[in-house]
Amino acid sequence: MEIIIQPTDEAASSIAARLIARLLRDKPSAVLGLATGNTPRMLYRELARMSLDWSKVRTFDLDEYVGLPPEHPASYRQFMWENLFRYVNIAPANIHVPDGMTKDIPGFCARYEGAIRAAGNIDLQVLGIGRDGHIGFNEPTSSLASRTRIKTLTAQTRRDNAKFFDSEANVPHHVITMGIGTIMESRQIMLLAFGEQKAHAVAHAVEGPVTAMCPASVLQLHPVVKIFLDEAAASRLTKVDYYRWVYDNKPDWQKF
Ligand code: PGA
């Protein structure tokens, strides 16, 4: 794991954007796994500002609420449109977001997995992290081998996500999410976390044991993971000086 601590979320997002930009230049048909939520907004804003060619890029979103139509303002399809897709030349046929309105959830999930495989698997997966350590909507105790499926949100995640709805009562209880096994098959992964409220989950994920009680801790088993943090999200890590030392002393060929 590479831990990149920056003074602000803006600085961290800008480095993360540069990495994605480099991938899209090296591989114009790259397959991106994308996250929603407050955390990646700045990353997407930065990407939208860069003059990148998205015409061949394929994207798969991590998750979607069950029962929300794509045009609902809190749906993740809408989020992606508002925060990124409307600003870039991505082909609509190359955008994949789980269908929260499907009548056949297991069948849809199997097809979503098949579509990821058919695209050649995800080159780079963007992740946020929940306060309970979830990635995608894989809540604590999710199988570390799980695939795309329906999940039930915890009460805390529903409260945390009420900010995107008129009221907490309107937050759906169920979601479709890529599984942890699905996420782990990505060639590289970047996780972003900002703010003091994420510090506990980040410390568990990076320095704690690998456990389904903190799904993000599974990333310790992935060979190419970068964790982008602001100071507040890094505040509970014990080896901060080492992470800074590593970043400041990268060999030139490894710099980004
Ligand atoms: P947030 O959500 O970016 O809105 O904090 C992150 C997550 O729940 O994964």
# chains A, B, ... in the order shown; residues from 1 in each chain; ligands from 1

call {"tool": "residues_near_ligand", "arguments": {"ligand": "ligand 1", "cutoff": "10 Å", "atoms": "only C-alpha atoms and all ligand atoms", "output": "PyMOL selection string"}}
result
chain A and resi 35-41+62-63+127-139+157-158+160-164+191-195+197-198+216

call {"tool": "residues_around", "arguments": {"residues": "region 151-153 of chain A", "least_positions_apart": "4", "cutoff": "10 Å", "atoms": "only C-alpha atoms", "output": "list in words"}}
result
Tyr65, Val66, Phe137, Asn138, Glu139, Ser142, Thr157, Arg158, Arg159, Val171, Pro172, His173, His174, Val175, Ile176, Thr177, Met178 and Gly179 of chain A

call {"tool": "residues_around", "arguments": {"residues": "Arg58 (chain A)", "least_positions_apart": "5", "cutoff": "12 Å", "atoms": "only C-alpha atoms", "output": "PyMOL selection string"}}
result
chain A and resi 24+27-34+53+85+89-97+115-116+118-125

call {"tool": "closest_residue", "arguments": {"among": "A:Ala155, A:Val206, A:Ala234, A:Val57", "to": "Glu2 (chain A)", "atoms": "only C-alpha atoms"}}
result
A:Val206

call {"tool": "atom_distance", "arguments": {"atom1": "CA of Ala232 (chain A)", "atom2": "CA of Met50 (chain A)"}}
result
27.4 Å

call {"tool": "select_by_dssp", "arguments": {"residues": "region 50-223 of chain A", "states": "strand (DSSP E)", "output": "list in words"}}
result
Arg58, Thr59, Phe60, Asp61, Asp63, Glu64, Tyr65, Ile95, His96, Leu124, Gln125, Val126, Leu127, Arg149, Ile150, Lys151, Thr152, His174, Val175, Ile176, Thr177, Gln188, Ile189, Met190, Leu191, Leu192 and Ala193 of chain A

call {"tool": "atom_distance", "arguments": {"atom1": "CA of His222 (chain A)", "atom2": "CA of Val246 (chain A)"}}
result
18.8 Å

call {"tool": "residues_around", "arguments": {"residues": "Glu231 (chain A)", "least_positions_apart": "2", "cutoff": "12 Å", "atoms": "only C-alpha atoms", "output": "list in words"}}
result
Ile3, Ile4, Ile5, Gln6, Pro7, Thr8, Asp9, Glu10, Ala11, Ala12, Ala193, Phe194, Gly195, Glu196, Gln197, Lys198, Ala199, Val202, Phe228, Leu229, Ala233, Ala234, Ser235, Arg236, Leu237, Val240 and Arg244 of chain A
